>>> print(open('run05.cif').read())   # mmCIF, C-alpha atoms and all ligand atoms
data_target
#
loop_
_atom_site.label_atom_id
_atom_site.label_comp_id
_atom_site.auth_asym_id
_atom_site.auth_seq_id
_atom_site.Cartn_x
_atom_site.Cartn_y
_atom_site.Cartn_z
CA MET A 388 124.42 109.00 86.33
CA ILE A 389 122.17 107.14 88.78
CA ASP A 390 118.39 107.59 88.61
CA LEU A 391 116.75 107.60 92.03
CA TYR A 392 113.01 106.92 92.05
CA LYS A 393 111.64 108.58 95.13
CA LEU A 394 108.98 110.14 97.26
CA HIS A 395 110.69 113.19 98.56
CA TRP A 396 109.65 112.90 102.19
CA SER A 397 110.37 109.17 102.55
CA HIS A 398 112.93 108.43 105.24
CA TYR A 399 114.05 105.27 103.39
CA VAL A 400 114.69 107.43 100.33
CA GLU A 401 116.68 109.87 102.46
CA LYS A 402 119.02 107.00 103.41
CA VAL A 403 119.95 106.44 99.77
CA ARG A 404 120.08 110.15 98.89
CA TRP A 405 122.48 110.64 101.77
CA ALA A 406 124.64 107.66 100.66
CA LEU A 407 124.78 108.97 97.07
CA ASP A 408 125.80 112.43 98.28
CA PHE A 409 128.33 110.96 100.72
CA LYS A 410 129.96 109.07 97.87
CA ARG A 411 129.73 112.16 95.66
CA LEU A 412 127.97 110.20 92.90
CA ALA A 413 126.05 111.95 90.13
CA TRP A 414 122.33 111.22 90.51
CA ARG A 415 119.00 112.62 89.51
CA GLY A 416 115.72 112.19 91.38
CA ILE A 417 112.52 111.04 89.72
CA GLU A 418 109.45 111.72 91.86
CA VAL A 419 106.89 108.90 91.56
CA VAL A 420 103.11 109.01 91.96
CA ALA A 421 102.64 106.89 95.08
CA PHE A 422 99.38 105.24 93.93
CA THR A 423 100.27 104.17 90.41
CA LYS A 424 104.08 103.97 90.55
CA GLN A 425 103.87 104.02 86.76
CA GLU A 426 107.39 105.40 86.55
CA MET A 427 108.84 102.18 88.05
CA GLN A 428 106.74 99.56 86.23
CA ARG A 429 109.49 98.68 83.74
CA PHE A 430 111.80 97.38 86.48
CA ASP A 431 111.40 93.84 87.73
CA CYS A 432 112.36 94.46 91.36
CA SER A 433 109.83 95.29 94.07
CA LYS A 434 108.10 98.63 93.45
CA THR A 435 108.96 100.45 96.64
CA VAL A 436 110.98 103.64 96.88
CA PRO A 437 113.86 104.13 96.98
CA LEU A 438 114.59 102.35 93.71
CA ILE A 439 117.76 103.09 91.77
CA HIS A 440 118.71 102.53 88.16
CA ASP A 441 122.45 102.83 87.63
CA ASN A 442 122.86 103.83 84.00
CA ALA A 443 126.57 102.94 84.09
CA THR A 444 126.03 99.27 85.00
CA GLY A 445 122.38 98.71 84.02
CA VAL A 446 121.55 97.56 87.57
CA ALA A 447 118.07 98.41 88.87
CA MET A 448 117.14 97.60 92.43
CA SER A 449 114.95 98.67 95.33
CA ASP A 450 115.29 98.37 99.14
CA SER A 451 117.50 100.97 100.76
CA SER A 452 120.05 98.75 102.55
CA PRO A 453 120.81 96.45 99.59
CA ILE A 454 121.08 99.63 97.48
CA ILE A 455 123.67 101.04 99.89
CA ARG A 456 125.54 97.72 99.83
CA TYR A 457 125.51 97.81 96.02
CA LEU A 458 126.84 101.39 96.02
CA GLU A 459 129.54 100.36 98.45
CA GLU A 460 130.62 97.40 96.29
CA THR A 461 130.50 99.37 93.02
CA TYR A 462 131.84 102.70 94.28
CA PRO A 463 133.89 101.79 97.38
CA GLU A 464 135.32 105.23 98.23
CA PRO A 465 134.60 106.94 100.54
CA THR A 466 133.42 103.94 102.50
CA LEU A 467 130.17 103.73 104.43
CA LEU A 468 130.84 100.27 105.78
CA SER A 469 134.14 99.09 107.19
CA ALA A 470 137.20 97.17 106.01
CA ASP A 471 136.95 95.01 109.14
CA PRO A 472 134.67 91.97 108.41
CA ASP A 473 133.17 91.88 111.93
CA GLU A 474 132.37 95.58 111.88
CA ARG A 475 130.99 95.25 108.37
CA ALA A 476 128.65 92.48 109.51
CA ALA A 477 127.62 94.54 112.53
CA VAL A 478 126.81 97.58 110.35
CA TRP A 479 124.76 95.38 108.02
CA GLN A 480 122.75 93.90 110.91
CA TRP A 481 122.09 97.37 112.35
CA MET A 482 120.81 98.50 108.97
CA LEU A 483 118.44 95.56 108.48
CA THR A 484 117.21 95.68 112.06
CA LEU A 485 116.55 99.43 111.96
CA ASP A 486 114.80 99.09 108.55
CA SER A 487 112.58 96.32 109.94
CA THR A 488 111.69 97.93 113.27
CA LEU A 489 112.50 101.61 113.75
CA GLY A 490 111.74 102.68 110.16
CA LEU A 491 108.34 100.97 110.14
CA ASN A 492 107.33 102.23 113.58
CA THR A 493 108.45 105.84 113.05
CA ARG A 494 106.56 105.93 109.73
CA ARG A 495 103.47 104.58 111.45
CA LEU A 496 103.56 107.17 114.21
CA ALA A 497 104.37 110.15 111.99
CA TYR A 498 101.49 109.42 109.60
CA SER A 499 99.23 108.87 112.63
CA GLN A 500 100.31 112.25 113.98
CA ILE A 501 99.58 113.95 110.65
CA ILE A 502 96.13 112.32 110.48
CA MET A 503 95.36 113.33 114.08
CA GLU A 504 96.49 116.93 113.66
CA CYS A 505 96.42 118.01 110.01
CA PRO A 506 95.14 115.41 107.54
CA GLN A 507 94.86 118.15 104.92
CA ALA A 508 98.65 117.81 104.60
CA LEU A 509 98.17 114.38 102.96
CA PRO A 510 97.04 115.68 99.53
CA THR A 511 99.93 118.15 99.57
CA LEU A 512 102.37 115.30 100.18
CA PHE A 513 100.81 112.62 97.96
CA LEU A 514 99.08 114.45 95.14
CA PRO A 515 101.13 117.56 94.36
CA ASN A 516 101.39 116.72 90.66
CA VAL A 517 98.22 114.73 90.02
CA LEU A 518 95.89 116.56 87.61
CA GLY A 519 97.98 119.70 87.83
CA GLY A 520 97.96 119.72 91.62
CA VAL A 521 94.18 120.26 91.83
CA PHE A 522 93.88 118.05 94.96
CA ALA A 523 96.38 120.18 96.86
CA ARG A 524 94.12 123.26 96.55
CA PRO A 525 92.26 124.21 99.74
CA GLY A 526 88.69 123.07 98.78
CA LEU A 527 89.58 119.70 97.28
CA ARG A 528 92.22 119.10 99.92
CA VAL A 529 89.49 118.76 102.53
CA LEU A 530 87.71 116.15 100.40
CA ALA A 531 90.85 114.24 99.41
CA ALA A 532 92.27 114.06 102.95
CA PRO A 533 89.86 111.44 104.42
CA ILE A 534 90.20 109.25 101.33
CA LEU A 535 93.97 109.32 101.51
CA GLY A 536 93.82 108.92 105.28
CA ALA A 537 91.55 105.85 104.99
CA MET A 538 93.89 104.37 102.41
CA LEU A 539 96.93 104.88 104.60
CA VAL A 540 95.14 103.43 107.63
CA ARG A 541 94.34 100.31 105.59
CA ARG A 542 97.90 100.09 104.29
CA PHE A 543 99.70 100.58 107.60
CA ARG A 544 97.02 99.81 110.26
CA PHE A 545 97.46 103.01 112.30
CA ASP A 546 94.26 102.13 114.13
CA ARG A 547 96.24 99.30 115.77
CA ASN A 548 99.06 101.43 117.17
CA ARG A 549 97.94 100.81 120.72
CA ILE A 550 97.26 97.07 120.32
CA ASP A 551 100.56 96.60 118.52
CA ARG A 552 102.35 98.57 121.28
CA VAL A 553 104.15 100.76 118.77
CA TYR A 554 104.99 103.54 121.26
CA GLU A 555 106.24 101.04 123.81
CA GLN A 556 108.38 99.14 121.31
CA LEU A 557 109.97 102.33 120.05
CA GLU A 558 110.72 103.65 123.48
CA THR A 559 112.32 100.42 124.66
CA GLN A 560 114.38 100.30 121.48
CA LEU A 561 115.54 103.92 121.52
CA LEU A 562 116.55 104.38 125.16
CA PRO A 563 119.52 101.96 125.00
CA ILE A 564 120.52 103.34 121.59
CA ALA A 565 120.58 106.87 123.03
CA ALA A 566 122.73 105.66 125.93
CA ARG A 567 125.09 103.84 123.56
CA LEU A 568 125.59 106.95 121.41
CA GLU A 569 126.18 109.11 124.47
CA ARG A 570 128.97 106.68 125.36
CA ASP A 571 130.47 105.84 121.95
CA GLY A 572 129.39 108.62 119.57
CA PHE A 573 128.64 106.13 116.76
CA LEU A 574 126.91 102.76 116.50
CA VAL A 575 129.85 100.70 115.19
CA GLY A 576 133.61 101.05 115.38
CA GLY A 577 133.78 104.62 116.72
CA ARG A 578 133.28 106.18 113.28
CA PHE A 579 130.43 107.26 111.00
CA THR A 580 129.01 104.33 109.00
CA ALA A 581 125.87 103.38 107.13
CA ALA A 582 124.45 102.22 110.49
CA ASP A 583 124.48 105.82 111.78
CA LEU A 584 123.16 107.12 108.48
CA THR A 585 120.29 104.61 108.72
CA LEU A 586 119.49 105.50 112.32
CA ALA A 587 119.54 109.26 111.74
CA SER A 588 117.39 108.99 108.59
CA LEU A 589 114.81 106.57 109.97
CA LEU A 590 114.46 108.57 113.17
CA ARG A 591 113.40 111.67 111.24
CA PRO A 592 109.62 111.05 111.30
CA LEU A 593 109.66 110.97 115.13
CA ARG A 594 110.45 114.68 115.17
CA VAL A 595 106.72 115.34 114.69
CA VAL A 596 105.68 112.95 117.48
CA PRO A 597 105.69 114.97 120.74
CA HIS A 598 105.91 111.93 123.00
CA PHE A 599 109.36 111.18 121.55
CA ARG A 600 110.44 114.65 120.46
CA ASP A 601 110.07 115.91 124.05
CA HIS A 602 111.14 112.74 125.85
CA PRO A 603 113.74 113.85 128.44
CA ARG A 604 115.89 110.74 127.93
CA LEU A 605 115.93 111.03 124.14
CA GLN A 606 117.15 114.61 123.83
CA SER A 607 120.75 113.47 123.39
CA LEU A 608 119.63 111.23 120.51
CA PHE A 609 117.88 114.07 118.66
CA ALA A 610 120.89 116.32 119.32
CA TRP A 611 123.15 113.62 117.85
CA GLN A 612 120.87 113.43 114.82
CA ALA A 613 120.76 117.23 114.33
CA GLN A 614 124.55 117.36 114.57
CA LEU A 615 124.91 114.68 111.88
CA PHE A 616 122.42 116.44 109.59
CA ASP A 617 124.39 119.63 110.00
CA ALA A 618 127.81 118.03 109.48
CA HIS A 619 126.61 116.21 106.34
CA GLY A 620 124.55 119.04 104.86
CA ARG A 621 121.22 117.22 105.13
CA GLU A 622 117.91 119.12 105.08
CA ALA A 623 117.13 120.52 108.53
CA THR A 624 113.40 119.75 108.17
CA PHE A 625 111.14 117.89 105.73
CA ALA A 626 107.91 119.39 104.33
CA TYR A 627 105.62 117.49 106.72
CA GLU A 628 107.56 118.80 109.72
CA ASP A 629 107.01 122.38 108.57
CA ILE A 630 103.32 121.80 107.77
CA ILE A 631 102.60 120.32 111.20
CA ARG A 632 104.58 123.06 112.98
CA VAL A 633 102.56 125.79 111.25
CA GLN A 634 99.32 124.02 112.21
CA ARG A 635 100.45 123.75 115.85
CA GLU A 636 101.46 127.40 115.99
CA ARG A 637 98.03 128.31 114.62
CA CYS A 638 95.97 126.29 117.08
CA GLY A 639 98.36 126.43 120.06
CA THR A 640 98.02 122.72 120.85
CA MET A 641 99.35 119.36 119.66
CA ARG A 642 98.40 115.71 120.26
CA GLY A 643 101.04 114.76 122.76
CA ARG A 644 99.61 112.85 125.73
CA VAL A 645 99.60 109.13 125.04
CA GLY A 646 96.92 108.19 127.57
CA TRP A 647 97.75 104.53 128.06
CA LEU A 648 101.52 104.95 128.29
CA THR A 649 102.04 104.69 132.04
CA PRO A 650 105.44 103.86 133.58
CA ASP A 651 104.05 100.39 134.39
CA ALA A 652 103.06 99.80 130.76
CA LEU A 653 106.54 100.74 129.65
CA GLU A 654 108.13 98.57 132.30
CA ALA A 655 106.13 95.62 130.99
CA ALA A 656 107.08 96.18 127.35
CA ALA A 657 109.52 93.45 126.45
CA PRO A 658 112.52 94.60 124.40
CA THR A 659 112.35 93.28 120.85
CA ALA A 660 114.35 90.08 120.59
CA SER A 661 117.29 90.62 118.29
CA GLU A 662 117.45 88.05 115.49
CA THR A 663 119.87 87.83 112.59
CA LEU A 664 118.13 89.16 109.50
CA GLN A 665 118.86 88.41 105.86
CA VAL A 666 116.44 90.96 104.40
CA ALA A 667 114.46 93.88 105.75
CA ARG A 668 110.82 93.35 106.73
CA ASN A 669 108.05 95.67 105.59
CA ASP A 670 104.55 96.29 106.94
CA GLN A 671 102.51 97.39 103.91
CA HIS A 672 99.12 95.71 103.42
CA HIS A 673 97.46 95.49 100.03
CA VAL A 674 94.67 98.04 99.47
CA ASP A 675 92.30 98.13 96.50
CA SER A 676 89.18 100.13 95.72
CA TRP A 677 87.04 97.46 97.46
CA SER A 678 88.95 97.41 100.72
CA LEU A 679 89.57 101.18 100.81
CA PRO A 680 86.22 102.05 102.52
CA LEU A 681 87.17 99.65 105.33
CA GLY A 682 89.87 102.14 106.29
CA LEU A 683 87.36 104.88 107.02
CA PRO A 684 86.30 103.73 110.54
CA GLY A 685 89.99 103.41 111.49
CA TYR A 686 90.68 106.87 110.08
CA LEU A 687 87.81 108.40 112.09
CA LYS A 688 88.88 106.52 115.22
CA LEU A 689 92.41 107.85 114.84
CA ARG A 690 91.14 111.41 114.26
CA TRP A 691 88.78 111.53 117.25
CA PHE A 692 89.34 108.59 119.63
CA SER A 693 93.02 107.75 119.38
CA GLY A 694 93.67 108.07 123.11
CA VAL A 695 96.39 110.62 122.37
CA GLY A 696 95.25 113.84 124.06
CA ARG A 697 95.92 117.48 123.30
CA VAL A 698 98.63 119.37 125.15
CA ARG A 699 99.79 122.95 124.83
CA TYR A 700 102.14 123.41 121.87
CA ALA A 701 105.70 124.32 122.72
CA PRO A 702 108.48 124.31 120.12
CA ALA A 703 111.07 121.60 120.70
CA ALA A 704 114.15 122.56 122.63
CA LEU A 705 116.43 121.48 119.82
CA HIS A 706 117.36 123.65 116.90
CA GLY A 707 115.68 122.45 113.69
CA VAL A 708 113.14 120.20 115.40
CA GLY A 709 109.56 121.57 115.13
N1 LIG B 1 112.63 98.21 103.27
C1 LIG B 1 112.34 99.18 102.24
C2 LIG B 1 111.12 100.01 102.62
C3 LIG B 1 110.69 100.91 101.48
C4 LIG B 1 109.30 101.47 101.65
O1 LIG B 1 108.46 100.94 102.40
N2 LIG B 1 109.07 102.57 100.93
C5 LIG B 1 107.79 103.23 100.96
C6 LIG B 1 107.99 104.74 101.13
S1 LIG B 1 108.51 105.12 102.78
C7 LIG B 1 107.05 103.02 99.67
O2 LIG B 1 107.61 102.64 98.68
N3 LIG B 1 105.76 103.29 99.73
C8 LIG B 1 104.90 103.17 98.60
C9 LIG B 1 103.75 102.28 98.92
O3 LIG B 1 103.39 102.17 100.09
O4 LIG B 1 103.21 101.72 97.98
C10 LIG B 1 113.56 100.07 102.06
O5 LIG B 1 114.42 100.09 102.96
O6 LIG B 1 113.70 100.67 101.00
#
>>> encode(input="run05.cif", output="structure tokens")
Amino acid sequence: MIDLYKLHWSHYVEKVRWALDFKRLAWRGIEVVAFTKQEMQRFDCSKTVPLIHDNATGVAMSDSSPIIRYLEETYPEPTLLSADPDERAAVWQWMLTLDSTLGLNTRRLAYSQIIMECPQALPTLFLPNVLGGVFARPGLRVLAAPILGAMLVRRFRFDRNRIDRVYEQLETQLLPIAARLERDGFLVGGRFTAADLTLASLLRPLRVVPHFRDHPRLQSLFAWQAQLFDAHGREATFAYEDIIRVQRERCGTMRGRVGWLTPDALEAAAPTASETLQVARNDQHHVDSWSLPLGLPGYLKLRWFSGVGRVRYAPAALHGVG
């Protein structure tokens, strides 16, 4: 039995859940409290989720791609990598690159979207079990939302999305990937590997970001993703997708017009240089009770002056995408 320490909606966790299911391994999920991570303190690896503890071997480790590599080495069949060494290396580089770029940027934009449109979803996601779920109740939710929002802004710097050119970087990364999949069907070797699993999982948060969800040249990519989810029995939507869809249906609009994203701006965005990675990068900044209030101006800026304007809500063309 493998214990998987998780936050249910995390796209990095979904990578590992998918790999465990693909390999038909027995596992049980342990939901952690994101702020204390008390449940993981006894392990001496980094305290991010996913973290696994394999009761059969005693191994405990975090970081989704090394976890998948460990699963592959310990439980080789069915394989998620490749017997061919060149393909294996290519899959590994795709995984680390996507973890270090796509996964960070999609997380940034999805949280930004939630803060812009329905910050009251944050207590539901982060505090469902704290003090018997009291913060997820309607009255306290309204009070807890800005505090959680400020904390997340401090941790991930959503107030810098424009300066850091997050939309531009994502678009220039995804367009060639979409074209490649249209041509080849899979990222490496013409068959499903951990590279595809990584891409499909880490792309999930973008399904709440209208600029990408409705992008005419990315529809084939979301269709590819939906097809994989269906073929592998993955959840069609995550809780935050449903929460934001309900909110949009209620108010009839969504934050979808990225004001500064002109064709010229996109043209000028340099594609990210591809380097050989040994480990995945992360973008979390330390937050404590002293620095938390510093997140409030960024939170308010994101809520009211993000530069991402309202457009009329229309459900996405694709089945399963809100
Ligand atoms: N590169 C890591 C990223 C893991 C990561 O950033 N996990 C987030 C959840 S999406 C986390 O543990 N967040 C808790 C925190 O921010 O303290 C991986 O692939 O597992």
>>> residues_near_ligand(input="run05.cif", ligand="ligand LIG 1 (chain B)", cutoff="10 Å", atoms="all atoms listed in the file", output="PyMOL selection string")
chain A and resi 392-403+419-424+433-438+448-455+482-483+485-487+490-491+494+539+542-543+585+589+666-674
>>> closest_residue(input="run05.cif", among="A:Gln606, A:Asn492, A:Ser588, A:Gln500", to="Val553 of chain A", atoms="all atoms listed in the file")
A:Asn492
>>> closest_residue(input="run05.cif", among="A:Ile564, A:Ala476, A:Gln507, A:Val698", to="Cys638 of chain A", atoms="only C-alpha atoms")
A:Val698
>>> residues_around(input="run05.cif", residues="His619 of chain A", least_positions_apart="6", cutoff="10 Å", atoms="all atoms listed in the file", output="PyMOL selection string")
chain A and resi 405+408-409+584+613
>>> atom_distance(input="run05.cif", atom1="atom CA of Trp479 of chain A", atom2="atom CA of Gln428 of chain A")
28.6 Å
>>> atom_distance(input="run05.cif", atom1="atom CA of Ala704 of chain A", atom2="atom CA of Arg637 of chain A")
18.9 Å
>>> atom_distance(input="run05.cif", atom1="atom CA of Glu426 of chain A", atom2="atom CA of Leu391 of chain A")
11.1 Å
>>> residues_near_point(input="run05.cif", point="(93.0, 121.2, 97.5)", cutoff="12 Å", atoms="only C-alpha atoms", output="ChimeraX atom specification")
/A:506-532
>>> closest_residue(input="run05.cif", among="A:Val478, A:Ile501, A:Ile439, A:Leu681", to="Gly577 of chain A", atoms="all atoms listed in the file")
A:Val478
>>> closest_residue(input="run05.cif", among="A:Asp675, A:Asp629, A:Asp441, A:Glu504", to="Ile389 of chain A", atoms="only C-alpha atoms")
A:Asp441
>>> residues_around(input="run05.cif", residues="Ala443 of chain A", least_positions_apart="3", cutoff="10 Å", atoms="all atoms listed in the file", output="PyMOL selection string")
chain A and resi 388-389+440+446
>>> closest_residue(input="run05.cif", among="A:Gly536, A:Pro597, A:Gly572, A:Pro684", to="Gly643 of chain A", atoms="all atoms listed in the file")
A:Pro597
>>> residues_around(input="run05.cif", residues="Ala565 of chain A", least_positions_apart="3", cutoff="8 Å", atoms="all atoms listed in the file", output="PyMOL selection string")
chain A and resi 561-562+568-569+604-605+607-608
>>> closest_residue(input="run05.cif", among="A:Ile417, A:Leu679, A:Ile631, A:Leu496", to="Leu593 of chain A", atoms="only C-alpha atoms")
A:Leu496
>>> axis_aligned_box(input="run05.cif", around="segment 622-631 of chain A", padding_each_side="3 Å", output="JSON")
{"center_x": 110.3, "center_y": 119.9, "center_z": 107.8, "size_x": 21.3, "size_y": 10.9, "size_z": 12.9}
>>> residues_around(input="run05.cif", residues="segment 456-469 of chain A", least_positions_apart="6", cutoff="8 Å", atoms="only C-alpha atoms", output="ChimeraX atom specification")
/A:406-407,409-410,475,478,579-581
>>> residues_around(input="run05.cif", residues="Pro680 of chain A", least_positions_apart="2", cutoff="12 Å", atoms="all atoms listed in the file", output="ChimeraX atom specification")
/A:533-542,674-678,682-687
>>> write_last_selection(input="run05.cif", atoms="C-alpha atoms", output="PDB file, in the frame of the given file")
ATOM      1  CA  PRO A 533      89.860 111.440 104.420  1.00  0.00           C
ATOM      2  CA  ILE A 534      90.200 109.250 101.330  1.00  0.00           C
ATOM      3  CA  LEU A 535      93.970 109.320 101.510  1.00  0.00           C
ATOM      4  CA  GLY A 536      93.820 108.920 105.280  1.00  0.00           C
ATOM      5  CA  ALA A 537      91.550 105.850 104.990  1.00  0.00           C
ATOM      6  CA  MET A 538      93.890 104.370 102.410  1.00  0.00           C
ATOM      7  CA  LEU A 539      96.930 104.880 104.600  1.00  0.00           C
ATOM      8  CA  VAL A 540      95.140 103.430 107.630  1.00  0.00           C
ATOM      9  CA  ARG A 541      94.340 100.310 105.590  1.00  0.00           C
ATOM     10  CA  ARG A 542      97.900 100.090 104.290  1.00  0.00           C
ATOM     11  CA  VAL A 674      94.670  98.040  99.470  1.00  0.00           C
ATOM     12  CA  ASP A 675      92.300  98.130  96.500  1.00  0.00           C
ATOM     13  CA  SER A 676      89.180 100.130  95.720  1.00  0.00           C
ATOM     14  CA  TRP A 677      87.040  97.460  97.460  1.00  0.00           C
ATOM     15  CA  SER A 678      88.950  97.410 100.720  1.00  0.00           C
ATOM     16  CA  GLY A 682      89.870 102.140 106.290  1.00  0.00           C
ATOM     17  CA  LEU A 683      87.360 104.880 107.020  1.00  0.00           C
ATOM     18  CA  PRO A 684      86.300 103.730 110.540  1.00  0.00           C
ATOM     19  CA  GLY A 685      89.990 103.410 111.490  1.00  0.00           C
ATOM     20  CA  TYR A 686      90.680 106.870 110.080  1.00  0.00           C
ATOM     21  CA  LEU A 687      87.810 108.400 112.090  1.00  0.00           C
TER      22      LEU A 687
END
>>> build_atoms(input="run05.cif", residues="segment 510-518 of chain A", atoms="all heavy atoms", output="PDB file, keeping the file's coordinate frame")
ATOM      1  N   PRO A 510      97.055 115.389 100.971  1.00  0.00           N
ATOM      2  CA  PRO A 510      97.040 115.680  99.530  1.00  0.00           C
ATOM      3  C   PRO A 510      98.260 116.478  99.086  1.00  0.00           C
ATOM      4  O   PRO A 510      98.777 116.273  97.981  1.00  0.00           O
ATOM      5  CB  PRO A 510      95.757 116.493  99.341  1.00  0.00           C
ATOM      6  CG  PRO A 510      94.913 116.182 100.523  1.00  0.00           C
ATOM      7  CD  PRO A 510      95.842 115.868 101.649  1.00  0.00           C
ATOM      8  N   THR A 511      98.740 117.368  99.935  1.00  0.00           N
ATOM      9  CA  THR A 511      99.930 118.150  99.570  1.00  0.00           C
ATOM     10  C   THR A 511     101.133 117.230  99.400  1.00  0.00           C
ATOM     11  O   THR A 511     101.955 117.412  98.506  1.00  0.00           O
ATOM     12  CB  THR A 511     100.237 119.194 100.680  1.00  0.00           C
ATOM     13  OG1 THR A 511      99.018 119.851 101.002  1.00  0.00           O
ATOM     14  CG2 THR A 511     101.278 120.192 100.252  1.00  0.00           C
ATOM     15  N   LEU A 512     101.239 116.203 100.266  1.00  0.00           N
ATOM     16  CA  LEU A 512     102.370 115.300 100.180  1.00  0.00           C
ATOM     17  C   LEU A 512     102.209 114.305  99.029  1.00  0.00           C
ATOM     18  O   LEU A 512     103.144 114.051  98.275  1.00  0.00           O
ATOM     19  CB  LEU A 512     102.517 114.499 101.485  1.00  0.00           C
ATOM     20  CG  LEU A 512     102.963 115.267 102.728  1.00  0.00           C
ATOM     21  CD1 LEU A 512     102.921 114.364 103.946  1.00  0.00           C
ATOM     22  CD2 LEU A 512     104.373 115.810 102.540  1.00  0.00           C
ATOM     23  N   PHE A 513     100.991 113.740  98.893  1.00  0.00           N
ATOM     24  CA  PHE A 513     100.810 112.620  97.960  1.00  0.00           C
ATOM     25  C   PHE A 513     100.377 113.009  96.561  1.00  0.00           C
ATOM     26  O   PHE A 513     100.595 112.270  95.631  1.00  0.00           O
ATOM     27  CB  PHE A 513      99.770 111.631  98.533  1.00  0.00           C
ATOM     28  CG  PHE A 513     100.340 110.723  99.572  1.00  0.00           C
ATOM     29  CD1 PHE A 513     100.213 111.009 100.910  1.00  0.00           C
ATOM     30  CD2 PHE A 513     101.012 109.571  99.192  1.00  0.00           C
ATOM     31  CE1 PHE A 513     100.747 110.172 101.873  1.00  0.00           C
ATOM     32  CE2 PHE A 513     101.554 108.724 100.147  1.00  0.00           C
ATOM     33  CZ  PHE A 513     101.423 109.031 101.483  1.00  0.00           C
ATOM     34  N   LEU A 514      99.680 114.139  96.442  1.00  0.00           N
ATOM     35  CA  LEU A 514      99.080 114.450  95.140  1.00  0.00           C
ATOM     36  C   LEU A 514      99.530 115.794  94.577  1.00  0.00           C
ATOM     37  O   LEU A 514      98.732 116.487  93.943  1.00  0.00           O
ATOM     38  CB  LEU A 514      97.538 114.442  95.264  1.00  0.00           C
ATOM     39  CG  LEU A 514      96.898 113.196  95.869  1.00  0.00           C
ATOM     40  CD1 LEU A 514      95.411 113.419  96.141  1.00  0.00           C
ATOM     41  CD2 LEU A 514      97.075 112.010  94.933  1.00  0.00           C
ATOM     42  N   PRO A 515     100.774 116.200  94.792  1.00  0.00           N
ATOM     43  CA  PRO A 515     101.130 117.560  94.360  1.00  0.00           C
ATOM     44  C   PRO A 515     101.076 117.718  92.840  1.00  0.00           C
ATOM     45  O   PRO A 515     100.788 118.790  92.354  1.00  0.00           O
ATOM     46  CB  PRO A 515     102.568 117.747  94.878  1.00  0.00           C
ATOM     47  CG  PRO A 515     103.099 116.367  95.014  1.00  0.00           C
ATOM     48  CD  PRO A 515     101.931 115.484  95.334  1.00  0.00           C
ATOM     49  N   ASN A 516     101.330 116.597  92.119  1.00  0.00           N
ATOM     50  CA  ASN A 516     101.390 116.720  90.660  1.00  0.00           C
ATOM     51  C   ASN A 516     100.239 116.038  89.933  1.00  0.00           C
ATOM     52  O   ASN A 516     100.213 116.009  88.715  1.00  0.00           O
ATOM     53  CB  ASN A 516     102.713 116.134  90.135  1.00  0.00           C
ATOM     54  CG  ASN A 516     103.888 116.818  90.810  1.00  0.00           C
ATOM     55  OD1 ASN A 516     103.857 118.029  91.003  1.00  0.00           O
ATOM     56  ND2 ASN A 516     104.885 116.042  91.206  1.00  0.00           N
ATOM     57  N   VAL A 517      99.319 115.443  90.690  1.00  0.00           N
ATOM     58  CA  VAL A 517      98.220 114.730  90.020  1.00  0.00           C
ATOM     59  C   VAL A 517      97.198 115.737  89.516  1.00  0.00           C
ATOM     60  O   VAL A 517      96.777 116.632  90.267  1.00  0.00           O
ATOM     61  CB  VAL A 517      97.586 113.721  91.018  1.00  0.00           C
ATOM     62  CG1 VAL A 517      96.356 113.059  90.404  1.00  0.00           C
ATOM     63  CG2 VAL A 517      98.608 112.682  91.422  1.00  0.00           C
ATOM     64  N   LEU A 518      96.839 115.641  88.251  1.00  0.00           N
ATOM     65  CA  LEU A 518      95.890 116.560  87.610  1.00  0.00           C
ATOM     66  C   LEU A 518      96.256 118.020  87.887  1.00  0.00           C
ATOM     67  O   LEU A 518      95.410 118.821  88.315  1.00  0.00           O
ATOM     68  CB  LEU A 518      94.446 116.285  88.068  1.00  0.00           C
ATOM     69  CG  LEU A 518      93.860 114.925  87.702  1.00  0.00           C
ATOM     70  CD1 LEU A 518      92.442 114.765  88.229  1.00  0.00           C
ATOM     71  CD2 LEU A 518      93.891 114.695  86.193  1.00  0.00           C
TER      72      LEU A 518
END
